[in-house]
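Visitor: Shown below is the structure under consideration.
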Amino acid sequence: MTTAAHTVAAHSLLAAGGAGEHRTLIITLFSVFVAITLGITVWAGRQTKDATDFYAGGRSFSGFQNGLAISGDYMSAASFLGIAGAIALFGYDGFLYSIGFLVAWLVALLLVAEPLRNSGRFTMADVLAHRLQQRPVRTAAGTSTIVVSIFYLLAQMVGAGALVALLLGASGEGSRRWIIALVGLVMVLYVTIGGMKGTTWVQIVKAVLLIAGTLLITVLVLNRFGWSLSSLLGHAAERSGKGRAFLEPGLQYGKDSTSKLNFVSLGLALVLGTAGLPHILIRFYTVPTAKAARTSVNWAIGIIGAFYLMTIALGFGAAALVGPKAIIASNESGNTAAPLLAQEVGGGAGSTGGAVLLAVISAVAFATILAVVAGLTLASSASFAHDLWANVIRKGSTTEKEEVLTAKIAAVVIGAVSIVLGIFAHRLNAAALVALAFAVAASANLPTILYSLFWKRFTTRGALWSIYGGLVSSVTLVILSPVVSGNPKALFPGMSFDLFPLANPGLVSIPLGFVLGWLGSVLSSEEAVARKYAELEVRALTGYGAH
């Protein structure tokens with residue numbers, strides 16, 4: 001089939017005429033998936049009795065269940081939609097996202113998972129507050145959690161807008177605004193009704209569906225190429241129009257010194273960011289023991305590893321069977337590559353099989369977005385209610401009922417902010433947006449967590465300098481980067497204040513966060529309390545006294 005024909009095929013399902021029966025089928029299947037997940041949320045909401053249930057699911061999930069839920073949290077719109085699109089458009093360089101996201105889990109497992117579970121109760125700030133001055137570090141950690149979560153939420157909003165626009169044929173700006181608003185409304189319902197229990201069960205169901213859907217597409221793609229990976233890669237390279245360069249480094253990164261630095265910056269953010277992501281960190285509190293936390297991360301590594309291996313078939317399959325031009329015609333950042341591939345391997349545009357597989361994969365992707373969005377909203381609203389409201393503003397004199405109500409109100413506000421920002425970010429690739437969230441998390445959260453757990457001389461000033469320094473520097477560099485202005489795909493394409501040349505700030509802001517944490521501590525007049533550090537060390541290593 002010619003490129004022009006593929007472009008027509010990519011849009012034929014979206015045409016109003018002649019696709020009514022398929023459109024009805026798509027919307028019906030899509031609605032069933034959303035209804036099921038909302039039903040699970042309502043059921044779980046009835047089991048939520050107190051703050052422990054709302055924030056940590058009553059610590060009732062096994063290691064395997066939590067491993068599935070972590071996988072569900074981690075395999076977001078960036079993973080399924082963004083990475084597939086990045087590989088389809090940039091080949092080898094796009095696959096670097098898969099490698100970075102996977103390797104990051106080793107950092108989370110080796111350094112953070114078990115000590116964090118042993119040392120905290122509901123949020124990252126619980127660990128810091130154990131040995132440092134409570135009010136200032138809770139304020140800083142709560143602020144950082146909310147900012148990182150909003151960055152990550154942007155990626156999910158972009159993915160949802162691209163996905164539902166593809167299904168409904170909604171190409172106008174107004175339509176996308178309504179789509180993003182709908183996603184925001186549903187995510188607020190997930191959090192306010194279901195809390196952590198509802199969110200976790202939705203993530204478990206969604207992880208199973210996503211792995212099953214991805215496996216099905218992988219099998220169908222490989223079957224098309226006689227189960228030969230080299231044949232798949234060869235066709236992808238030929239179809240890409242780039243030839244052998246599509247399978248080699250340098251198509252997106254390595255063209256010049258700036259793009260090489262961009263690659264290093266991206267790699268740092270991806271590898272170090274996971275261990276500082278708030279919605280991943282709170283997952284370690286949903287299991288009853290440190291052993292279960294370790295088990296859950298082991299399961300997550302296996303599940304996530306299998307998924308990222310299959311992104312080879314998703315991305316290169318989309319390049320070979322759909323074609324970069326058709327993908328860009330559907331969505332300029334490539335976020336619809338996976339659904340278009342599902343349609344193609346299901347029988348092609350206009351076929352019932354293609355419509356069914358497109359609907360199922362899109363519904364799974366949408367469930368993915370809703371589950372991750374709910375987890376992010378829960379992490380940020382829990383941090384506001386538990387850290388800022390209960391322990392800073394109310395100074396500990398609040399009831400659990402009031403704290404949970406505050407978290408629900410915060411979820412509504414954070415959802416509204418995410419909707420507004422998501423409307424402006426629709427031109428960006430979802431994986432690239434998530435990489436920014438990783439950079440902010442690695443700059444502001446990770447240095448503080450590691451210093452607090454493993455350095456006895458760490459002080460409150462060091463924590464504040466590290467969090468605020470990493471947060472302000474990373475966000476400022478993002479604002480001054482090509483992601484926000486200076487090119488047609490930027491957040492504000494009509495403006496030009498891209499003074500920082502790198503698309504990801506990690507290369508500068510992550511080392512700065514570590515340096516500021518060290519510098520603030522050595523220059524502090526506050527003495528690190530050895531007894532408090534010793535208590536934290538024993539708890540982190542053994543679980544003694546853990547909640």
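Just so we're on the same page: first chain in the structure tokens is A, next is B, and so on; residues restart at 1 for each chain, and ligands are numbered from 1 in the order they show up.
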Write out as a VMD selection string all residues of range 283-339 of chain A that backbone DSSP assigns to alpha helix (DSSP H).
Guide: chain A and resid 290 to 321 324 to 330 337 to 339
Visitor: Compile the contact shell of Ser265 in chain A as a ChimeraX atom specification: residues with an atom at most 12 Å away, counting only C-alpha atoms, same-chain residues fewer than 6 positions apart removed.
Guide: /A:100,253,258-259,271-273,435-436,438-440,442-443,474,501-511
Visitor: Please provide as a PyMOL selection string all residues within 9 Å of Phe80 in chain A, with the sequence filter that same-chain residues fewer than 4 positions apart are discarded (counting only C-alpha atoms).
Guide: chain A and resi 75-76+84-85+210+214+311+314+335+338+365+368+431
Visitor: Using only C-alpha atoms, determine which residues lie at most 10 Å from Leu222 in chain A, disregarding the query and same-chain residues fewer than 4 positions distant; provide the list as a compact mmCIF listing (two decimals) with N, CA and C atoms, in the first residue's frame.
Guide:
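What follows is the written file selection_35.txt:
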```txt
# COMPACT_ATOMS: atom_id res chain seq x y z
N ILE A 217 -0.87 -7.57 20.23
CA ILE A 217 -0.34 -6.81 19.10
C ILE A 217 1.04 -7.32 18.70
N THR A 218 1.88 -7.63 19.69
CA THR A 218 3.23 -8.14 19.42
C THR A 218 3.17 -9.43 18.62
N GLY A 226 6.73 -13.15 9.65
CA GLY A 226 7.25 -14.52 9.73
C GLY A 226 8.06 -14.79 10.98
N TRP A 227 7.73 -14.10 12.08
CA TRP A 227 8.41 -14.26 13.37
C TRP A 227 9.90 -13.94 13.26
N SER A 228 10.23 -13.06 12.33
CA SER A 228 11.62 -12.66 12.14
C SER A 228 11.78 -11.21 12.58
N LEU A 229 12.52 -10.99 13.66
CA LEU A 229 12.75 -9.63 14.15
C LEU A 229 13.55 -8.83 13.13
N SER A 231 13.49 -9.11 9.93
CA SER A 231 12.59 -8.72 8.84
C SER A 231 11.74 -7.52 9.26
N LEU A 232 11.26 -7.55 10.50
CA LEU A 232 10.47 -6.42 11.02
C LEU A 232 11.31 -5.14 11.00
N ALA A 313 8.15 -4.24 19.20
CA ALA A 313 7.14 -4.61 18.20
C ALA A 313 6.15 -3.47 17.99
N GLY A 317 6.88 -1.90 14.61
CA GLY A 317 5.72 -2.40 13.87
C GLY A 317 4.90 -1.27 13.29
```
Visitor: What does the distance from CA of Ile83 in chain A to CA of Tyr308 in chain A come to in Å, to one decimal?
Guide: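 Going from CA of Ile83 in chain A over to CA of Tyr308 in chain A, I get 9.2 Å.
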Visitor: From the list A:Ser473, A:Asn223, A:Thr295, A:Thr459, which residue is nearest Ala444 in chain A when using only C-alpha atoms?
Guide: A:Ser473
Visitor: Using only C-alpha atoms, determine which residues lie at most 12 Å from His279 in chain A, disregarding the query and same-chain residues fewer than 4 positions distant; provide the list as a ChimeraX atom specification.
Guide: /A:55-56,69-74,76,122-124,145-146,148-150,152-153,196,199-200,273-275,283-286,371-383,437-438,441
Visitor: Please, what distance in Å, to one decimal, runs between CA of Val413 in chain A and CA of Arg394 in chain A?
Guide: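 Result for CA of Val413 in chain A versus CA of Arg394 in chain A: 19.5 Å, one decimal.
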Visitor: Give me the residues within 7 Å of Gly520 in chain A as an MDAnalysis selection string, counting only C-alpha atoms and dropping any in the same chain fewer than 6 places off.
Guide: chainID A and resid 461:462 465
Visitor: Those residues you just picked out, can you put them in a file as a compact mmCIF listing (two decimals), in the first residue's frame with all heavy atoms?
Guide:
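Output (out.txt):
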```
# COMPACT_ATOMS: atom_id res chain seq x y z
N ARG A 461 18.42 22.44 56.84
CA ARG A 461 18.82 23.40 55.80
C ARG A 461 19.22 22.66 54.52
O ARG A 461 18.88 23.06 53.41
CB ARG A 461 19.97 24.27 56.28
CG ARG A 461 20.46 25.23 55.18
CD ARG A 461 21.65 26.06 55.61
NE ARG A 461 21.27 27.08 56.58
CZ ARG A 461 22.14 27.96 57.12
NH1 ARG A 461 23.42 27.90 56.79
NH2 ARG A 461 21.72 28.84 57.99
N GLY A 462 19.96 21.58 54.66
CA GLY A 462 20.35 20.79 53.50
C GLY A 462 19.14 20.27 52.74
O GLY A 462 19.10 20.30 51.50
N TRP A 465 17.43 23.33 50.96
CA TRP A 465 18.22 23.78 49.80
C TRP A 465 18.12 22.76 48.66
O TRP A 465 18.02 23.13 47.49
CB TRP A 465 19.69 23.95 50.21
CG TRP A 465 19.97 25.21 50.96
CD1 TRP A 465 19.08 25.94 51.72
CD2 TRP A 465 21.23 25.90 51.05
NE1 TRP A 465 19.70 27.03 52.28
CE2 TRP A 465 21.01 27.04 51.88
CE3 TRP A 465 22.49 25.67 50.55
CZ2 TRP A 465 22.03 27.93 52.19
CZ3 TRP A 465 23.52 26.56 50.85
CH2 TRP A 465 23.29 27.68 51.67
```
Visitor: Can you work out which one of A:Gln65, A:Val208, A:Ile179, A:Val127 has the shortest atom-to-atom distance to Pro115 in chain A, counting only C-alpha atoms?
Guide: A:Val127
Visitor: Would you please work out which residue, of A:Tyr533, A:Phe64, A:Phe497, A:Phe424, is nearest to Ile301 in chain A when using only C-alpha atoms?
Guide: A:Phe64
Visitor: Restricting the calculation to only C-alpha atoms, which member of A:Val202, A:Gly346, A:Thr336, A:Ala113 is positioned closest to Leu220 in chain A?
Guide: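 Smallest separation from Leu220 in chain A among the options: A:Gly346.
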